[in-house]
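S.K.: Input: one structure, supplied below.
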Amino acid sequence: MQRLYDFLRRHPTWVDSFWAVVLFGLAGASVESTSRLQGHHGGYAEALALSAVLCLVVALRRRTAERMLLLTTAVGLAQLVLDVEPTAADFAMLVIVYTVAANGARWASRFALSLGLCAAAVGEIRWPEPHTSALGHVALVVFLTVPFALAWVLGDSLRTRRAYFAQLEERAARLEKEREAQAKVAVAAERARIARELHDVVAHNVSVMVVQADGAAYVLDAAPDQAKNALETISSTGRQALAEMRRLLGVLRTGEHVEGGEYVPQPDVEQIDELIEQCRSSGLPVDFKVEGTPRPLPSGVELTAYRIVQEALTNTRKHGGPNTGASVRLVYFDDGLGLLIEDDGKGAPHELYEEGGFDGQGHGLIGMRERVGMVGGTLDAGPRPGGGFRISALLPLKPAH
């Protein structure tokens, strides 16, 4: 049955043609019966010819509804002129009114409604029922007009329903495209975030490893113990960098687990102490102070604070020159967290920071400003009077709207 139903849906003209043949058979039978009752065969050929045309209207109604409506109008006028009384084939008028209301142009739909409302009255005037009062004629006209009105209303309702579903489908398709666009934006933002994280991890830890390796090579013969400590620092720093990179790359592995199934938590404010101790062990003296009452902060604020301090100290070590010192201040306000990182080194030209970032690869201050902007904060960076570089940031607890 399902196959038959699918076949009928794919071939609507065949279905209409079948019903047109059935209608023509009924029309022929009604014409023959009328001729016998009246006792003469006048107009028999005309009635069959007009019935055949009306059945053709039923067969082709879905292919060209407007033309079939005009053809039906012509047949109706021919019936009036040739005095051919209505037959079963006139049912095609109801069918074409419904079809045009459902699928035809607007002008055709309005014309079909007008035609249907007038057909019964014109037919009653042309072929009045004998022995019927005036009130009976009116009642008969109303009774015969109702099917035409119902056919038009049913077709117009179907048109409205189709338009509604088409609008729903269009809206669903538009929403799907918007979701895809939003997903692409989210993916791009996530990739940018991961790129910043990787930059911070690699830039900081590799610079520590390079400094320690240079120091180990310099004192290898004179102070083996110091060289050993430097190598241990290189090892631990490398493991830390590897763990953080594994965590970041694990984000990109959908449905996969990082080897060992362990991920390193994202850095927070409490780990700044470890970061500073690592810098001190690598030969960079850092003065660290916390002002205010420490308290839990939003994870985005804590990660941003850690990365800003990490980036600033990394570039102090890279660009500050020998005998450079740094200071880090964390200030807890009622509505946010303040950061102040300063050094007294020679630093790099300020233009370098703005054009390409500390590492010359398009990060540095640009990346810092992006991070701070994501949490609704502000950042100020530039050379200090008398030498060195200063970075200050204010990270609010709630992003600005």
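Residues are named by chain letter and number: chains run A, B, ... in the order of the structure tokens, numbers start at 1 in each chain, and ligands are numbered from 1 in the order shown.
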Excluding Val100 (chain A) and its own-chain neighbours fewer than 4 positions away, which residues fall within 12 Å of it when counting only C-alpha atoms? Please give them as a short mmCIF file (atom, residue, chain, number, x, y, z; two decimals) with all heavy atoms, in the first residue's frame.

M.R.:
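Final file, part_6.cif:
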data_model
loop_
_atom_site.label_atom_id
_atom_site.label_comp_id
_atom_site.auth_asym_id
_atom_site.auth_seq_id
_atom_site.Cartn_x
_atom_site.Cartn_y
_atom_site.Cartn_z
N VAL A 57 -10.75 18.91 -18.36
CA VAL A 57 -10.38 19.90 -17.34
C VAL A 57 -9.95 19.18 -16.06
O VAL A 57 -8.95 19.54 -15.43
CB VAL A 57 -11.57 20.83 -17.06
CG1 VAL A 57 -11.32 21.66 -15.80
CG2 VAL A 57 -11.80 21.76 -18.25
N VAL A 58 -10.69 18.13 -15.68
CA VAL A 58 -10.33 17.38 -14.48
C VAL A 58 -8.99 16.70 -14.65
O VAL A 58 -8.14 16.68 -13.72
CB VAL A 58 -11.43 16.34 -14.15
CG1 VAL A 58 -10.98 15.44 -13.00
CG2 VAL A 58 -12.72 17.03 -13.81
N ARG A 61 -6.08 19.55 -14.58
CA ARG A 61 -6.27 20.65 -13.66
C ARG A 61 -4.99 21.02 -12.90
O ARG A 61 -4.77 22.20 -12.57
CB ARG A 61 -7.39 20.31 -12.67
CG ARG A 61 -7.03 19.16 -11.73
CD ARG A 61 -8.21 18.74 -10.88
NE ARG A 61 -7.85 17.67 -9.96
CZ ARG A 61 -7.45 17.85 -8.72
NH1 ARG A 61 -7.33 19.09 -8.24
NH2 ARG A 61 -7.14 16.84 -7.95
N ARG A 62 -4.12 20.06 -12.59
CA ARG A 62 -2.92 20.37 -11.81
C ARG A 62 -1.77 20.87 -12.67
O ARG A 62 -0.82 21.45 -12.14
CB ARG A 62 -2.48 19.13 -11.03
CG ARG A 62 -3.49 18.69 -10.00
CD ARG A 62 -2.90 17.75 -9.01
NE ARG A 62 -3.76 16.61 -8.75
CZ ARG A 62 -3.64 15.78 -7.73
NH1 ARG A 62 -2.68 15.95 -6.86
NH2 ARG A 62 -4.45 14.76 -7.57
N ARG A 63 -1.86 20.62 -13.95
CA ARG A 63 -0.77 21.06 -14.84
C ARG A 63 -0.91 22.54 -15.20
O ARG A 63 0.08 23.27 -15.24
CB ARG A 63 -0.75 20.21 -16.10
CG ARG A 63 -0.26 18.80 -15.88
CD ARG A 63 0.18 18.18 -17.19
NE ARG A 63 0.87 16.91 -16.98
CZ ARG A 63 1.46 16.22 -17.94
NH1 ARG A 63 1.44 16.66 -19.19
NH2 ARG A 63 2.07 15.09 -17.67
N THR A 64 -2.11 22.95 -15.49
CA THR A 64 -2.34 24.34 -15.88
C THR A 64 -3.71 24.77 -15.39
O THR A 64 -4.68 24.78 -16.14
CB THR A 64 -2.21 24.50 -17.41
OG1 THR A 64 -2.62 25.79 -17.79
CG2 THR A 64 -2.99 23.43 -18.16
N ALA A 65 -3.77 25.10 -14.13
CA ALA A 65 -5.05 25.38 -13.47
C ALA A 65 -5.74 26.61 -14.07
O ALA A 65 -6.96 26.60 -14.29
CB ALA A 65 -4.83 25.58 -11.98
N GLU A 66 -5.00 27.67 -14.35
CA GLU A 66 -5.62 28.90 -14.85
C GLU A 66 -6.27 28.68 -16.22
O GLU A 66 -7.39 29.13 -16.48
CB GLU A 66 -4.59 30.03 -14.94
CG GLU A 66 -4.07 30.52 -13.59
CD GLU A 66 -2.95 29.64 -13.04
OE1 GLU A 66 -2.58 28.66 -13.72
OE2 GLU A 66 -2.46 29.92 -11.93
N ARG A 67 -5.57 27.97 -17.11
CA ARG A 67 -6.13 27.71 -18.45
C ARG A 67 -7.36 26.82 -18.36
O ARG A 67 -8.34 27.01 -19.09
CB ARG A 67 -5.07 27.08 -19.34
CG ARG A 67 -3.92 28.03 -19.68
CD ARG A 67 -2.92 27.35 -20.58
NE ARG A 67 -1.81 28.25 -20.91
CZ ARG A 67 -0.77 27.91 -21.66
NH1 ARG A 67 -0.68 26.67 -22.16
NH2 ARG A 67 0.18 28.78 -21.91
N MET A 68 -7.32 25.83 -17.48
CA MET A 68 -8.47 24.96 -17.32
C MET A 68 -9.67 25.73 -16.77
O MET A 68 -10.82 25.42 -17.08
CB MET A 68 -8.12 23.79 -16.41
CG MET A 68 -7.12 22.81 -17.01
SD MET A 68 -7.67 22.04 -18.56
CE MET A 68 -6.74 23.00 -19.79
N LEU A 69 -9.42 26.74 -15.92
CA LEU A 69 -10.51 27.57 -15.43
C LEU A 69 -11.16 28.35 -16.57
O LEU A 69 -12.40 28.42 -16.67
CB LEU A 69 -9.98 28.53 -14.36
CG LEU A 69 -10.99 29.55 -13.83
CD1 LEU A 69 -12.13 28.85 -13.10
CD2 LEU A 69 -10.30 30.55 -12.90
N LEU A 70 -10.33 28.92 -17.44
CA LEU A 70 -10.88 29.65 -18.59
C LEU A 70 -11.63 28.71 -19.52
O LEU A 70 -12.70 29.07 -20.07
CB LEU A 70 -9.75 30.36 -19.34
CG LEU A 70 -9.00 31.43 -18.55
CD1 LEU A 70 -7.86 32.00 -19.38
CD2 LEU A 70 -9.95 32.54 -18.11
N THR A 72 -13.19 25.97 -18.61
CA THR A 72 -14.45 25.66 -17.93
C THR A 72 -15.46 26.78 -18.11
O THR A 72 -16.66 26.54 -18.32
CB THR A 72 -14.18 25.42 -16.43
OG1 THR A 72 -13.24 24.37 -16.28
CG2 THR A 72 -15.47 25.06 -15.70
N MET A 93 -16.70 21.68 -12.52
CA MET A 93 -16.64 23.09 -12.12
C MET A 93 -16.27 23.22 -10.64
O MET A 93 -15.49 24.10 -10.26
CB MET A 93 -17.99 23.75 -12.39
CG MET A 93 -18.35 23.84 -13.87
SD MET A 93 -19.90 24.72 -14.15
CE MET A 93 -20.00 24.65 -15.96
N LEU A 94 -16.83 22.34 -9.81
CA LEU A 94 -16.44 22.34 -8.40
C LEU A 94 -14.96 22.01 -8.24
O LEU A 94 -14.25 22.63 -7.45
CB LEU A 94 -17.28 21.32 -7.63
CG LEU A 94 -18.68 21.72 -7.20
CD1 LEU A 94 -19.39 20.53 -6.58
CD2 LEU A 94 -18.64 22.86 -6.21
N VAL A 95 -14.51 21.03 -9.01
CA VAL A 95 -13.13 20.58 -8.91
C VAL A 95 -12.17 21.70 -9.31
O VAL A 95 -11.16 21.95 -8.62
CB VAL A 95 -12.90 19.33 -9.78
CG1 VAL A 95 -11.43 18.93 -9.76
CG2 VAL A 95 -13.76 18.17 -9.28
N ILE A 96 -12.48 22.41 -10.40
CA ILE A 96 -11.55 23.44 -10.86
C ILE A 96 -11.57 24.65 -9.93
O ILE A 96 -10.54 25.32 -9.73
CB ILE A 96 -11.87 23.86 -12.32
CG1 ILE A 96 -10.69 24.64 -12.90
CG2 ILE A 96 -13.13 24.65 -12.39
CD1 ILE A 96 -9.41 23.85 -12.97
N GLY A 104 -3.73 28.00 -7.89
CA GLY A 104 -3.68 28.98 -8.97
C GLY A 104 -3.22 30.35 -8.53
O GLY A 104 -2.97 30.61 -7.34
N ALA A 105 -3.13 31.24 -9.50
CA ALA A 105 -2.77 32.63 -9.21
C ALA A 105 -3.90 33.30 -8.46
O ALA A 105 -5.05 32.84 -8.46
CB ALA A 105 -2.47 33.36 -10.51
N ARG A 106 -3.59 34.42 -7.84
CA ARG A 106 -4.60 35.11 -7.03
C ARG A 106 -5.77 35.60 -7.89
O ARG A 106 -6.93 35.53 -7.47
CB ARG A 106 -3.94 36.27 -6.29
CG ARG A 106 -3.23 35.85 -5.01
CD ARG A 106 -4.22 35.26 -4.04
NE ARG A 106 -3.58 34.81 -2.80
CZ ARG A 106 -4.21 34.18 -1.82
NH1 ARG A 106 -5.49 33.87 -1.96
NH2 ARG A 106 -3.58 33.81 -0.73
N TRP A 107 -5.47 36.14 -9.05
CA TRP A 107 -6.56 36.61 -9.90
C TRP A 107 -7.48 35.46 -10.29
O TRP A 107 -8.71 35.62 -10.34
CB TRP A 107 -6.01 37.31 -11.15
CG TRP A 107 -5.33 36.37 -12.13
CD1 TRP A 107 -4.01 36.10 -12.21
CD2 TRP A 107 -5.96 35.59 -13.15
NE1 TRP A 107 -3.75 35.19 -13.20
CE2 TRP A 107 -4.95 34.87 -13.82
CE3 TRP A 107 -7.28 35.43 -13.57
CZ2 TRP A 107 -5.20 34.00 -14.87
CZ3 TRP A 107 -7.56 34.56 -14.64
CH2 TRP A 107 -6.52 33.86 -15.28
N ALA A 108 -6.88 34.30 -10.58
CA ALA A 108 -7.67 33.14 -10.96
C ALA A 108 -8.52 32.65 -9.79
O ALA A 108 -9.67 32.22 -9.96
CB ALA A 108 -6.75 32.03 -11.45
N SER A 109 -7.95 32.72 -8.57
CA SER A 109 -8.71 32.29 -7.39
C SER A 109 -9.93 33.19 -7.19
O SER A 109 -11.04 32.70 -6.92
CB SER A 109 -7.81 32.33 -6.16
OG SER A 109 -8.52 32.00 -5.00
N ARG A 110 -9.77 34.50 -7.32
CA ARG A 110 -10.89 35.41 -7.16
C ARG A 110 -11.93 35.21 -8.27
O ARG A 110 -13.15 35.26 -8.03
CB ARG A 110 -10.39 36.85 -7.13
CG ARG A 110 -9.60 37.20 -5.88
CD ARG A 110 -9.34 38.69 -5.80
NE ARG A 110 -8.37 39.12 -6.80
CZ ARG A 110 -7.06 39.21 -6.59
NH1 ARG A 110 -6.58 38.91 -5.38
NH2 ARG A 110 -6.25 39.61 -7.53
N PHE A 111 -11.46 34.99 -9.49
CA PHE A 111 -12.37 34.77 -10.61
C PHE A 111 -13.16 33.47 -10.41
O PHE A 111 -14.36 33.40 -10.70
CB PHE A 111 -11.57 34.71 -11.91
CG PHE A 111 -12.42 34.46 -13.12
CD1 PHE A 111 -13.30 35.43 -13.59
CD2 PHE A 111 -12.35 33.26 -13.81
CE1 PHE A 111 -14.10 35.20 -14.70
CE2 PHE A 111 -13.13 33.02 -14.92
CZ PHE A 111 -14.01 34.00 -15.38
N ALA A 112 -12.47 32.43 -9.90
CA ALA A 112 -13.16 31.16 -9.65
C ALA A 112 -14.23 31.31 -8.58
O ALA A 112 -15.32 30.72 -8.69
CB ALA A 112 -12.14 30.10 -9.22
N LEU A 113 -13.96 32.09 -7.54
CA LEU A 113 -14.96 32.32 -6.50
C LEU A 113 -16.18 33.04 -7.08
O LEU A 113 -17.33 32.65 -6.81
CB LEU A 113 -14.35 33.15 -5.37
CG LEU A 113 -15.30 33.53 -4.23
CD1 LEU A 113 -15.84 32.28 -3.55
CD2 LEU A 113 -14.58 34.43 -3.22
N LEU A 115 -17.14 33.03 -10.20
CA LEU A 115 -17.81 32.10 -11.10
C LEU A 115 -18.67 31.12 -10.33
O LEU A 115 -19.82 30.82 -10.71
CB LEU A 115 -16.77 31.37 -11.94
CG LEU A 115 -17.29 30.38 -13.00
CD1 LEU A 115 -18.04 31.15 -14.09
CD2 LEU A 115 -16.15 29.59 -13.60
N GLY A 116 -18.13 30.59 -9.24
CA GLY A 116 -18.88 29.61 -8.46
C GLY A 116 -20.12 30.20 -7.81
O GLY A 116 -21.15 29.55 -7.72
N ALA A 151 -15.97 24.57 -1.68
CA ALA A 151 -14.81 24.13 -2.47
C ALA A 151 -13.74 25.21 -2.51
O ALA A 151 -12.54 24.93 -2.36
CB ALA A 151 -15.26 23.77 -3.89
N TRP A 152 -14.19 26.46 -2.68
CA TRP A 152 -13.20 27.56 -2.71
C TRP A 152 -12.55 27.74 -1.36
O TRP A 152 -11.33 27.94 -1.26
CB TRP A 152 -13.88 28.85 -3.16
CG TRP A 152 -12.90 29.97 -3.34
CD1 TRP A 152 -12.22 30.30 -4.47
CD2 TRP A 152 -12.48 30.91 -2.34
NE1 TRP A 152 -11.39 31.37 -4.27
CE2 TRP A 152 -11.53 31.77 -2.96
CE3 TRP A 152 -12.79 31.11 -1.01
CZ2 TRP A 152 -10.91 32.81 -2.27
CZ3 TRP A 152 -12.18 32.14 -0.32
CH2 TRP A 152 -11.25 32.98 -0.94
N VAL A 153 -13.32 27.71 -0.28
CA VAL A 153 -12.77 27.88 1.07
C VAL A 153 -11.78 26.77 1.38
O VAL A 153 -10.70 27.01 1.95
CB VAL A 153 -13.90 27.91 2.11
CG1 VAL A 153 -13.33 27.82 3.53
CG2 VAL A 153 -14.73 29.17 1.96
N LEU A 154 -12.12 25.53 1.02
CA LEU A 154 -11.21 24.41 1.26
C LEU A 154 -9.90 24.58 0.51
O LEU A 154 -8.80 24.37 1.05
CB LEU A 154 -11.89 23.10 0.87
CG LEU A 154 -11.10 21.82 1.14
CD1 LEU A 154 -10.80 21.66 2.62
CD2 LEU A 154 -11.86 20.60 0.61
N GLY A 155 -9.98 24.99 -0.75
CA GLY A 155 -8.77 25.20 -1.54
C GLY A 155 -7.93 26.34 -1.01
O GLY A 155 -6.69 26.24 -0.92
N ASP A 156 -8.58 27.45 -0.63
CA ASP A 156 -7.83 28.59 -0.10
C ASP A 156 -7.19 28.24 1.24
O ASP A 156 -6.06 28.69 1.53
CB ASP A 156 -8.77 29.78 0.06
CG ASP A 156 -8.02 31.07 0.36
OD1 ASP A 156 -7.30 31.56 -0.52
OD2 ASP A 156 -8.13 31.55 1.50
N SER A 157 -7.87 27.44 2.06
CA SER A 157 -7.27 27.01 3.33
C SER A 157 -6.04 26.15 3.09
O SER A 157 -5.04 26.28 3.80
CB SER A 157 -8.31 26.23 4.15
OG SER A 157 -9.43 27.04 4.44
N LEU A 158 -6.12 25.29 2.07
CA LEU A 158 -4.96 24.47 1.74
C LEU A 158 -3.80 25.34 1.27
O LEU A 158 -2.63 25.10 1.64
CB LEU A 158 -5.33 23.45 0.66
CG LEU A 158 -4.22 22.51 0.23
CD1 LEU A 158 -3.74 21.67 1.40
CD2 LEU A 158 -4.70 21.59 -0.91
N ARG A 159 -4.09 26.38 0.50
CA ARG A 159 -3.04 27.30 0.05
C ARG A 159 -2.39 27.98 1.26
O ARG A 159 -1.17 28.08 1.35
CB ARG A 159 -3.63 28.35 -0.88
CG ARG A 159 -2.62 29.42 -1.32
CD ARG A 159 -3.34 30.67 -1.79
NE ARG A 159 -4.09 30.44 -3.00
CZ ARG A 159 -3.59 30.59 -4.22
NH1 ARG A 159 -2.34 30.99 -4.38
NH2 ARG A 159 -4.34 30.37 -5.28
#

S.K.: Could I get the residues of region 50-75 of chain A with an atom no further than 10 Å from an atom of region 27-31 of chain A, each paired with its nearest atom pair and that distance in Å to one decimal, using only C-alpha atoms, sorted by chain and residue number, as a tab-separated table?

M.R.:
residue	atom	partner	partner_atom	distance
A:Leu50	CA	A:Ala27	CA	10.0
A:Ser51	CA	A:Ala27	CA	6.5
A:Ala52	CA	A:Ala27	CA	8.7
A:Leu54	CA	A:Ala27	CA	9.9
A:Cys55	CA	A:Ala27	CA	9.2

S.K.: Take the residues that were just selected and, keeping N, CA, C and O atoms, output them as a compact mmCIF listing (two decimals), in the first residue's frame.

M.R.:
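What ended up in selection-v2.txt:
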# COMPACT_ATOMS: atom_id res chain seq x y z
N LEU A 50 -19.39 18.54 -24.73
CA LEU A 50 -19.09 19.44 -23.62
C LEU A 50 -18.66 18.66 -22.37
O LEU A 50 -17.77 19.08 -21.62
N SER A 51 -19.26 17.47 -22.15
CA SER A 51 -18.86 16.63 -21.02
C SER A 51 -17.42 16.16 -21.16
O SER A 51 -16.65 16.10 -20.19
N ALA A 52 -17.04 15.83 -22.42
CA ALA A 52 -15.67 15.39 -22.65
C ALA A 52 -14.67 16.50 -22.34
O ALA A 52 -13.60 16.27 -21.75
N LEU A 54 -15.15 18.99 -20.22
CA LEU A 54 -15.10 19.16 -18.76
C LEU A 54 -14.27 18.06 -18.10
O LEU A 54 -13.56 18.31 -17.12
N CYS A 55 -14.35 16.85 -18.61
CA CYS A 55 -13.52 15.77 -18.07
C CYS A 55 -12.04 16.01 -18.35
O CYS A 55 -11.18 15.65 -17.55

S.K.: Go ahead and compute the interatomic distance for CA of Ala88 (chain A) and CA of His11 (chain A), in Å to one decimal.

M.R.: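 Distance reported for this atom pair: 25.2 Å.
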
S.K.: Please list as JSON, numbers by chain every residue within 7 Å of region 383-392 of chain A, counting only C-alpha atoms and excluding residues in the same chain fewer than 2 positions away.

M.R.: {"A": [339, 340, 341, 342, 343, 344, 345, 346, 347, 350, 379, 380, 381]}

S.K.: Write the residues of the preceding selection, restricted to N, CA and C atoms, as a compact mmCIF listing (two decimals), in the first residue's frame.

M.R.:
# COMPACT_ATOMS: atom_id res chain seq x y z
N LEU A 339 46.39 44.21 38.44
CA LEU A 339 47.71 43.63 38.19
C LEU A 339 48.68 44.74 37.83
N LEU A 340 49.88 44.68 38.38
CA LEU A 340 50.94 45.62 38.01
C LEU A 340 52.23 44.84 37.92
N ILE A 341 52.80 44.74 36.72
CA ILE A 341 54.06 44.03 36.50
C ILE A 341 55.05 45.04 35.92
N GLU A 342 56.19 45.22 36.60
CA GLU A 342 57.20 46.17 36.17
C GLU A 342 58.57 45.50 36.16
N ASP A 343 59.46 46.01 35.31
CA ASP A 343 60.85 45.58 35.34
C ASP A 343 61.75 46.79 35.14
N ASP A 344 63.02 46.62 35.46
CA ASP A 344 63.98 47.73 35.33
C ASP A 344 65.02 47.45 34.26
N GLY A 345 64.68 46.57 33.33
CA GLY A 345 65.63 46.24 32.27
C GLY A 345 65.59 47.24 31.14
N LYS A 346 66.39 46.95 30.13
CA LYS A 346 66.44 47.86 28.99
C LYS A 346 65.21 47.69 28.10
N GLY A 347 64.63 46.49 28.15
CA GLY A 347 63.39 46.25 27.41
C GLY A 347 63.58 46.26 25.92
N HIS A 350 59.06 49.96 22.19
CA HIS A 350 57.62 49.86 22.37
C HIS A 350 56.91 49.53 21.06
N LEU A 379 43.65 47.33 29.93
CA LEU A 379 45.08 47.07 30.02
C LEU A 379 45.84 48.30 29.55
N ASP A 380 46.92 48.61 30.28
CA ASP A 380 47.78 49.73 29.91
C ASP A 380 49.21 49.23 29.96
N ALA A 381 49.97 49.46 28.90
CA ALA A 381 51.35 48.97 28.84
C ALA A 381 52.23 50.00 28.16

S.K.: Applying 10 Å and only C-alpha atoms, which residues near Ala121 (chain A) remain after dropping the ones on its own chain fewer than 6 positions away? List them as number ranges by chain.

M.R.: A: 127-128, 137-138, 140-142, 144-145

S.K.: Write out the residues from the selection above, keeping N, CA, C and O atoms, as a CSV table (one decimal), in the first residue's frame.

M.R.:
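Now in again_24.csv:
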chain,number,residue,atom,x,y,z
A,127,TRP,N,-32.4,27.3,-16.7
A,127,TRP,CA,-33.2,26.0,-16.7
A,127,TRP,C,-34.0,26.0,-15.3
A,127,TRP,O,-33.6,25.2,-14.4
A,128,PRO,N,-35.0,26.8,-15.2
A,128,PRO,CA,-35.8,26.8,-13.9
A,128,PRO,C,-36.5,25.5,-13.7
A,128,PRO,O,-37.0,24.8,-14.6
A,137,HIS,N,-37.1,28.7,-5.6
A,137,HIS,CA,-36.0,29.0,-6.5
A,137,HIS,C,-34.8,29.6,-5.7
A,137,HIS,O,-33.7,29.2,-5.9
A,138,VAL,N,-35.1,30.5,-4.8
A,138,VAL,CA,-34.0,31.1,-4.0
A,138,VAL,C,-33.3,30.1,-3.2
A,138,VAL,O,-32.1,30.0,-3.1
A,140,LEU,N,-33.2,26.9,-3.7
A,140,LEU,CA,-32.4,26.0,-4.5
A,140,LEU,C,-31.1,26.6,-5.0
A,140,LEU,O,-30.0,26.0,-5.0
A,141,VAL,N,-31.1,27.9,-5.3
A,141,VAL,CA,-29.9,28.6,-5.7
A,141,VAL,C,-28.9,28.6,-4.5
A,141,VAL,O,-27.7,28.4,-4.7
A,142,VAL,N,-29.4,28.9,-3.3
A,142,VAL,CA,-28.5,29.0,-2.2
A,142,VAL,C,-27.9,27.6,-1.9
A,142,VAL,O,-26.7,27.4,-1.6
A,144,LEU,N,-27.4,25.2,-4.0
A,144,LEU,CA,-26.4,24.8,-5.1
A,144,LEU,C,-25.2,25.7,-5.0
A,144,LEU,O,-24.1,25.3,-5.6
A,145,THR,N,-25.3,26.9,-4.4
A,145,THR,CA,-24.1,27.8,-4.3
A,145,THR,C,-23.2,27.4,-3.2
A,145,THR,O,-21.9,27.5,-3.3

S.K.: Select, from A:Asn103, A:Gln278, A:Thr316, A:Thr304, the residue with the minimum atom-to-atom distance to Val372 (chain A), counting only C-alpha atoms.

M.R.: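 Answer, going by the shortest atom-to-atom distance: A:Thr304.
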
S.K.: Which of these, A:Ala119, A:Pro396, A:Val208, A:Ala192, has the shortest distance to Glu370 (chain A) once you count only C-alpha atoms?

M.R.: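 Of all the options, A:Ala192 lies closest to Glu370 (chain A).
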
S.K.: Here is a test: counting only C-alpha atoms, which residue of A:Pro86, A:Pro224, A:Pro147, A:Gly136 is nearest to Val122 (chain A)?

M.R.: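 Among the listed residues, the smallest separation from Val122 (chain A) belongs to A:Pro86.
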
S.K.: Can you list, as a ChimeraX atom specification, every protein, DNA or RNA residue that comes within 10 Å of Glu85 (chain A) when you count only C-alpha atoms, leaving out same-chain residues fewer than 4 positions away?

M.R.: /A:31,34,43,47,79-80,90,123,126-127

S.K.: Just write the chosen residues, C-alpha atoms, as a compact mmCIF listing (two decimals), in the first residue's frame.

M.R.:
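Saved as part.txt:
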# COMPACT_ATOMS: atom_id res chain seq x y z
CA VAL A 31 -27.10 12.24 -20.80
CA THR A 34 -32.14 12.30 -19.80
CA GLY A 43 -28.45 17.96 -28.24
CA ALA A 47 -23.84 17.29 -24.34
CA GLN A 79 -24.00 25.22 -22.33
CA LEU A 80 -26.06 28.37 -21.93
CA ASP A 90 -20.52 19.77 -14.47
CA GLY A 123 -28.29 27.89 -14.17
CA ARG A 126 -31.63 29.32 -17.71
CA TRP A 127 -33.21 26.03 -16.66

S.K.: Using the chain letters and numbers from this document, which residues of region 36-164 of chain A does DSSP assign to alpha helix (DSSP H), as JSON, numbers by chain?

M.R.: {"A": [36, 37, 38, 44, 45, 46, 47, 48, 49, 50, 51, 52, 53, 54, 55, 56, 57, 58, 59, 60, 65, 66, 67, 68, 69, 70, 71, 72, 73, 74, 75, 76, 77, 78, 79, 80, 81, 82, 91, 92, 93, 94, 95, 96, 97, 98, 99, 100, 101, 102, 103, 106, 107, 108, 109, 110, 111, 112, 113, 114, 115, 116, 117, 118, 119, 120, 121, 122, 123, 124, 125, 126, 134, 135, 136, 137, 138, 139, 140, 141, 142, 143, 144, 145, 146, 147, 148, 149, 150, 151, 152, 153, 154, 155, 156, 157, 158, 159, 160, 161, 162, 163, 164]}

S.K.: Which residues are near Glu302 (chain A)? Cut-off 6 Å, only C-alpha atoms, ignore same chain within fewer than 3 positions. Put them as a list in words.

M.R.: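 In the requested form, the answer reads Asp268, Val269, Ser299 and Ala305 of chain A.
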
S.K.: With distances taken over only C-alpha atoms, which of A:Ala74, A:Leu303, A:Gly283, A:Ala186 is nearest to Ala213 (chain A)?

M.R.: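 That would be A:Gly283, the residue with the smallest distance to Ala213 (chain A).
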
S.K.: Select, from A:Cys279, A:Ala59, A:Val211, A:Gly373, the residue with the minimum atom-to-atom distance to Ala227 (chain A), counting only C-alpha atoms.

M.R.: A:Val211
